[in-house]
Amino acid sequence: MYLNTFSISARCAVTNMLGVAVSTAVPGVGGICPFVHPGVGAVSTQAWVNPYLGVDAMKLLSEGKSAEEALKTLIDSDPGRAVRQLGIVDSSGQSAAWTGDQCVEWAGHRTAPDVSIQGNMLVGSDTVVAMFDAFAATAGDPLHERLVKVLEAGQAAGGDKRGKQSAALVVFDKESYPYIDLRVDEHFDPVGELRRVYEIAKQQYLPFIDGMPTRENPLGALGEDVTEMLLRSPADRPGGSLSPPLD
């Protein structure tokens, strides 16, 4: 499957959170593009996507390889490297990216400490530039907020030249389960819908995640206010729900 995609792999230098945000004009991008593991790295694999590049990148990074070392190993061993695109950020914030010379134009990437941004079959380079600038401009925000803003900047600058269909946001903190994992699998405005779902998740989901069991505290620490909030119907919680009721 060719994923004509724009994405960001990133690390927060303050919290060490790692995450990926991605959008494309194919359904279900969140299932095969982003790969993230706490304390290891964040990877987006796209173009003629090979999910094993994400799987194997996680293994190499967990063995102590840097982003650049992992990328070289993956690309050197991939016979399809000319049609691959890959962005990697490791747990120390080193980044590396690859855009094969047969990826559909416009295709390219930009990297810096803590971030790799990449896209292919875009309307032009403005998408990647806008995303890169948005990441730099949001340095004081939580990583999950920055990633959504970066996707929004990419979409506003043109995004995928075929249109829009799916988007995803995945962020890990210290635990082996995701801090946030949201997907819009098929929508006429996937980035806009991701923002809508994310705004509700900030108020209804993240307070729950913050009190969930951890390795250090297996009982968790849910406050009474969160418990009481979750016992209400979705429409009666902070942020409400914009979905119409089912008849």
# chains A, B, ... in the order shown; residues from 1 in each chain; ligands from 1
call {"tool": "select_by_dssp", "arguments": {"residues": "stretch 2-151 of chain A", "states": "helix (DSSP H, G or I)", "output": "JSON, numbers by chain"}}
result
{"A": [29, 30, 31, 51, 52, 53, 54, 55, 56, 57, 58, 59, 60, 61, 62, 67, 68, 69, 70, 71, 72, 73, 74, 75, 76, 81, 82, 83, 126, 127, 128, 129, 130, 131, 132, 133, 134, 135, 136, 137, 143, 144, 145, 146, 147, 148, 149, 150, 151]}
call {"tool": "residues_around", "arguments": {"residues": "A:Ala82", "least_positions_apart": "5", "cutoff": "8 Å", "atoms": "only C-alpha atoms", "output": "MDAnalysis selection string"}}
result
chainID A and resid 99:103
call {"tool": "write_last_selection", "arguments": {"atoms": "C-alpha atoms", "output": "PDB file, in the first residue's frame"}}
result
ATOM      1  CA  THR A  99      13.150   9.569   1.581  1.00  0.00           C
ATOM      2  CA  GLY A 100      13.715   7.150  -1.290  1.00  0.00           C
ATOM      3  CA  ASP A 101      14.401   8.648  -4.704  1.00  0.00           C
ATOM      4  CA  GLN A 102      11.348   6.917  -6.195  1.00  0.00           C
ATOM      5  CA  CYS A 103       8.839   8.264  -3.667  1.00  0.00           C
TER       6      CYS A 103
END
call {"tool": "select_by_dssp", "arguments": {"residues": "stretch 1-244 of chain A", "states": "strand (DSSP E or B)", "output": "JSON, numbers by chain"}}
result
{"A": [2, 3, 5, 6, 7, 8, 9, 10, 11, 18, 19, 20, 21, 22, 23, 24, 34, 35, 36, 37, 41, 42, 43, 44, 45, 46, 47, 48, 84, 85, 86, 87, 88, 89, 90, 95, 96, 97, 98, 99, 108, 109, 110, 111, 112, 115, 116, 117, 118, 119, 122, 160, 166, 167, 168, 169, 170, 171, 172, 180, 181, 182, 183, 184]}
call {"tool": "closest_residue", "arguments": {"among": "A:Met212, A:Val148, A:Val22, A:Ala107", "to": "A:Phe6", "atoms": "only C-alpha atoms"}}
result
A:Val22
call {"tool": "residues_around", "arguments": {"residues": "A:Leu61", "least_positions_apart": "5", "cutoff": "8 Å", "atoms": "only C-alpha atoms", "output": "VMD selection string"}}
result
chain A and resid 40 to 41 66 to 67 70 90
call {"tool": "write_last_selection", "arguments": {"atoms": "C-alpha atoms", "output": "compact mmCIF listing (two decimals), in the first residue's frame"}}
result
# COMPACT_ATOMS: atom_id res chain seq x y z
CA VAL A 40 13.04 3.59 23.12
CA GLY A 41 11.89 5.78 20.25
CA SER A 66 21.03 5.56 17.71
CA ALA A 67 18.40 6.84 15.30
CA ALA A 70 19.10 2.17 13.15
CA ASP A 90 15.41 7.92 19.58
call {"tool": "residues_around", "arguments": {"residues": "A:Tyr205", "least_positions_apart": "3", "cutoff": "10 Å", "atoms": "only C-alpha atoms", "output": "ChimeraX atom specification"}}
result
/A:179-180,198-202,208-210,226,230
call {"tool": "write_last_selection", "arguments": {"atoms": "C-alpha atoms", "output": "PDB file, in the first residue's frame"}}
result
ATOM      1  CA  TYR A 179      -0.538   7.880  27.259  1.00  0.00           C
ATOM      2  CA  ILE A 180      -2.822   8.763  24.371  1.00  0.00           C
ATOM      3  CA  TYR A 198      -8.507  15.140  21.177  1.00  0.00           C
ATOM      4  CA  GLU A 199     -10.224  18.089  22.880  1.00  0.00           C
ATOM      5  CA  ILE A 200     -12.753  15.720  24.452  1.00  0.00           C
ATOM      6  CA  ALA A 201      -9.993  13.257  25.378  1.00  0.00           C
ATOM      7  CA  LYS A 202      -8.062  15.988  27.190  1.00  0.00           C
ATOM      8  CA  PHE A 208      -8.305   8.897  33.842  1.00  0.00           C
ATOM      9  CA  ILE A 209      -4.924   7.944  32.333  1.00  0.00           C
ATOM     10  CA  ASP A 210      -3.125  10.124  34.895  1.00  0.00           C
ATOM     11  CA  VAL A 226     -12.388  11.723  38.052  1.00  0.00           C
ATOM     12  CA  LEU A 230     -16.617   8.985  34.480  1.00  0.00           C
TER      13      LEU A 230
END
call {"tool": "atom_distance", "arguments": {"atom1": "atom CA of A:Ile88", "atom2": "atom CA of A:Glu152"}}
result
20.7 Å
call {"tool": "closest_residue", "arguments": {"among": "A:Ala47, A:Ala130, A:Val115, A:Met229", "to": "A:Pro207", "atoms": "only C-alpha atoms"}}
result
A:Met229
call {"tool": "decode", "arguments": {"residues": "stretch 60-97 of chain A", "atoms": "N, CA and C atoms", "output": "PDB file, in the first residue's frame"}}
result
ATOM      1  N   LEU A  60      16.050  -2.391  17.080  1.00  0.00           N
ATOM      2  CA  LEU A  60      17.398  -1.830  17.000  1.00  0.00           C
ATOM      3  C   LEU A  60      17.605  -0.725  18.042  1.00  0.00           C
ATOM      4  N   LEU A  61      16.620   0.132  18.202  1.00  0.00           N
ATOM      5  CA  LEU A  61      16.743   1.209  19.182  1.00  0.00           C
ATOM      6  C   LEU A  61      16.795   0.646  20.596  1.00  0.00           C
ATOM      7  N   SER A  62      16.020  -0.400  20.870  1.00  0.00           N
ATOM      8  CA  SER A  62      16.020  -1.002  22.207  1.00  0.00           C
ATOM      9  C   SER A  62      17.353  -1.672  22.519  1.00  0.00           C
ATOM     10  N   GLU A  63      18.105  -2.034  21.466  1.00  0.00           N
ATOM     11  CA  GLU A  63      19.429  -2.629  21.647  1.00  0.00           C
ATOM     12  C   GLU A  63      20.515  -1.575  21.821  1.00  0.00           C
ATOM     13  N   GLY A  64      20.145  -0.297  21.774  1.00  0.00           N
ATOM     14  CA  GLY A  64      21.099   0.776  22.001  1.00  0.00           C
ATOM     15  C   GLY A  64      21.571   1.495  20.761  1.00  0.00           C
ATOM     16  N   LYS A  65      21.039   1.123  19.592  1.00  0.00           N
ATOM     17  CA  LYS A  65      21.402   1.834  18.370  1.00  0.00           C
ATOM     18  C   LYS A  65      20.829   3.245  18.407  1.00  0.00           C
ATOM     19  N   SER A  66      21.554   4.203  17.850  1.00  0.00           N
ATOM     20  CA  SER A  66      21.029   5.555  17.707  1.00  0.00           C
ATOM     21  C   SER A  66      20.053   5.593  16.542  1.00  0.00           C
ATOM     22  N   ALA A  67      19.330   6.693  16.421  1.00  0.00           N
ATOM     23  CA  ALA A  67      18.400   6.841  15.296  1.00  0.00           C
ATOM     24  C   ALA A  67      19.135   6.688  13.966  1.00  0.00           C
ATOM     25  N   GLU A  68      20.290   7.312  13.835  1.00  0.00           N
ATOM     26  CA  GLU A  68      21.053   7.249  12.584  1.00  0.00           C
ATOM     27  C   GLU A  68      21.554   5.835  12.320  1.00  0.00           C
ATOM     28  N   GLU A  69      22.050   5.167  13.355  1.00  0.00           N
ATOM     29  CA  GLU A  69      22.534   3.797  13.186  1.00  0.00           C
ATOM     30  C   GLU A  69      21.395   2.844  12.807  1.00  0.00           C
ATOM     31  N   ALA A  70      20.252   3.018  13.462  1.00  0.00           N
ATOM     32  CA  ALA A  70      19.102   2.169  13.149  1.00  0.00           C
ATOM     33  C   ALA A  70      18.640   2.401  11.719  1.00  0.00           C
ATOM     34  N   LEU A  71      18.574   3.665  11.311  1.00  0.00           N
ATOM     35  CA  LEU A  71      18.140   3.988   9.951  1.00  0.00           C
ATOM     36  C   LEU A  71      19.065   3.352   8.920  1.00  0.00           C
ATOM     37  N   LYS A  72      20.377   3.457   9.127  1.00  0.00           N
ATOM     38  CA  LYS A  72      21.328   2.891   8.165  1.00  0.00           C
ATOM     39  C   LYS A  72      21.145   1.372   8.048  1.00  0.00           C
ATOM     40  N   THR A  73      20.989   0.706   9.183  1.00  0.00           N
ATOM     41  CA  THR A  73      20.794  -0.744   9.158  1.00  0.00           C
ATOM     42  C   THR A  73      19.520  -1.112   8.398  1.00  0.00           C
ATOM     43  N   LEU A  74      18.450  -0.385   8.671  1.00  0.00           N
ATOM     44  CA  LEU A  74      17.161  -0.680   8.032  1.00  0.00           C
ATOM     45  C   LEU A  74      17.210  -0.441   6.528  1.00  0.00           C
ATOM     46  N   ILE A  75      17.748   0.696   6.130  1.00  0.00           N
ATOM     47  CA  ILE A  75      17.761   1.056   4.707  1.00  0.00           C
ATOM     48  C   ILE A  75      18.736   0.170   3.928  1.00  0.00           C
ATOM     49  N   ASP A  76      19.898  -0.115   4.503  1.00  0.00           N
ATOM     50  CA  ASP A  76      20.880  -0.965   3.821  1.00  0.00           C
ATOM     51  C   ASP A  76      20.327  -2.359   3.542  1.00  0.00           C
ATOM     52  N   SER A  77      19.432  -2.834   4.400  1.00  0.00           N
ATOM     53  CA  SER A  77      18.922  -4.196   4.256  1.00  0.00           C
ATOM     54  C   SER A  77      17.568  -4.267   3.546  1.00  0.00           C
ATOM     55  N   ASP A  78      17.045  -3.132   3.093  1.00  0.00           N
ATOM     56  CA  ASP A  78      15.710  -3.109   2.491  1.00  0.00           C
ATOM     57  C   ASP A  78      15.805  -3.003   0.972  1.00  0.00           C
ATOM     58  N   PRO A  79      15.421  -4.039   0.233  1.00  0.00           N
ATOM     59  CA  PRO A  79      15.480  -3.966  -1.233  1.00  0.00           C
ATOM     60  C   PRO A  79      14.492  -2.961  -1.815  1.00  0.00           C
ATOM     61  N   GLY A  80      13.519  -2.526  -1.013  1.00  0.00           N
ATOM     62  CA  GLY A  80      12.552  -1.543  -1.487  1.00  0.00           C
ATOM     63  C   GLY A  80      12.858  -0.134  -1.040  1.00  0.00           C
ATOM     64  N   ARG A  81      14.110   0.133  -0.665  1.00  0.00           N
ATOM     65  CA  ARG A  81      14.462   1.423  -0.069  1.00  0.00           C
ATOM     66  C   ARG A  81      14.115   2.619  -0.954  1.00  0.00           C
ATOM     67  N   ALA A  82      14.098   2.431  -2.270  1.00  0.00           N
ATOM     68  CA  ALA A  82      13.857   3.569  -3.172  1.00  0.00           C
ATOM     69  C   ALA A  82      12.442   4.113  -3.051  1.00  0.00           C
ATOM     70  N   VAL A  83      11.508   3.292  -2.533  1.00  0.00           N
ATOM     71  CA  VAL A  83      10.119   3.751  -2.435  1.00  0.00           C
ATOM     72  C   VAL A  83       9.671   3.856  -0.970  1.00  0.00           C
ATOM     73  N   ARG A  84      10.621   3.861  -0.060  1.00  0.00           N
ATOM     74  CA  ARG A  84      10.298   3.983   1.361  1.00  0.00           C
ATOM     75  C   ARG A  84      10.520   5.414   1.852  1.00  0.00           C
ATOM     76  N   GLN A  85       9.781   5.724   2.909  1.00  0.00           N
ATOM     77  CA  GLN A  85      10.047   6.946   3.667  1.00  0.00           C
ATOM     78  C   GLN A  85       9.946   6.601   5.144  1.00  0.00           C
ATOM     79  N   LEU A  86      10.872   7.154   5.918  1.00  0.00           N
ATOM     80  CA  LEU A  86      11.005   6.745   7.314  1.00  0.00           C
ATOM     81  C   LEU A  86      11.529   7.915   8.133  1.00  0.00           C
ATOM     82  N   GLY A  87      10.917   8.141   9.296  1.00  0.00           N
ATOM     83  CA  GLY A  87      11.400   9.154  10.229  1.00  0.00           C
ATOM     84  C   GLY A  87      11.549   8.555  11.609  1.00  0.00           C
ATOM     85  N   ILE A  88      12.711   8.724  12.235  1.00  0.00           N
ATOM     86  CA  ILE A  88      13.026   8.100  13.521  1.00  0.00           C
ATOM     87  C   ILE A  88      13.525   9.156  14.502  1.00  0.00           C
ATOM     88  N   VAL A  89      13.040   9.083  15.737  1.00  0.00           N
ATOM     89  CA  VAL A  89      13.607   9.841  16.851  1.00  0.00           C
ATOM     90  C   VAL A  89      13.868   8.860  17.973  1.00  0.00           C
ATOM     91  N   ASP A  90      15.092   8.866  18.511  1.00  0.00           N
ATOM     92  CA  ASP A  90      15.408   7.916  19.577  1.00  0.00           C
ATOM     93  C   ASP A  90      15.189   8.542  20.953  1.00  0.00           C
ATOM     94  N   SER A  91      15.441   7.762  21.996  1.00  0.00           N
ATOM     95  CA  SER A  91      15.116   8.199  23.357  1.00  0.00           C
ATOM     96  C   SER A  91      15.992   9.337  23.855  1.00  0.00           C
ATOM     97  N   SER A  92      17.113   9.590  23.209  1.00  0.00           N
ATOM     98  CA  SER A  92      17.957  10.716  23.591  1.00  0.00           C
ATOM     99  C   SER A  92      17.671  11.958  22.748  1.00  0.00           C
ATOM    100  N   GLY A  93      16.730  11.839  21.796  1.00  0.00           N
ATOM    101  CA  GLY A  93      16.367  12.975  20.958  1.00  0.00           C
ATOM    102  C   GLY A  93      17.109  13.064  19.648  1.00  0.00           C
ATOM    103  N   GLN A  94      18.010  12.117  19.374  1.00  0.00           N
ATOM    104  CA  GLN A  94      18.650  12.108  18.060  1.00  0.00           C
ATOM    105  C   GLN A  94      17.621  11.701  17.007  1.00  0.00           C
ATOM    106  N   SER A  95      17.718  12.305  15.828  1.00  0.00           N
ATOM    107  CA  SER A  95      16.734  12.031  14.785  1.00  0.00           C
ATOM    108  C   SER A  95      17.424  11.652  13.481  1.00  0.00           C
ATOM    109  N   ALA A  96      16.669  10.948  12.629  1.00  0.00           N
ATOM    110  CA  ALA A  96      17.176  10.542  11.318  1.00  0.00           C
ATOM    111  C   ALA A  96      15.980  10.280  10.418  1.00  0.00           C
ATOM    112  N   ALA A  97      16.154  10.501   9.128  1.00  0.00           N
ATOM    113  CA  ALA A  97      15.054  10.289   8.189  1.00  0.00           C
ATOM    114  C   ALA A  97      15.584   9.825   6.845  1.00  0.00           C
TER     115      ALA A  97
END
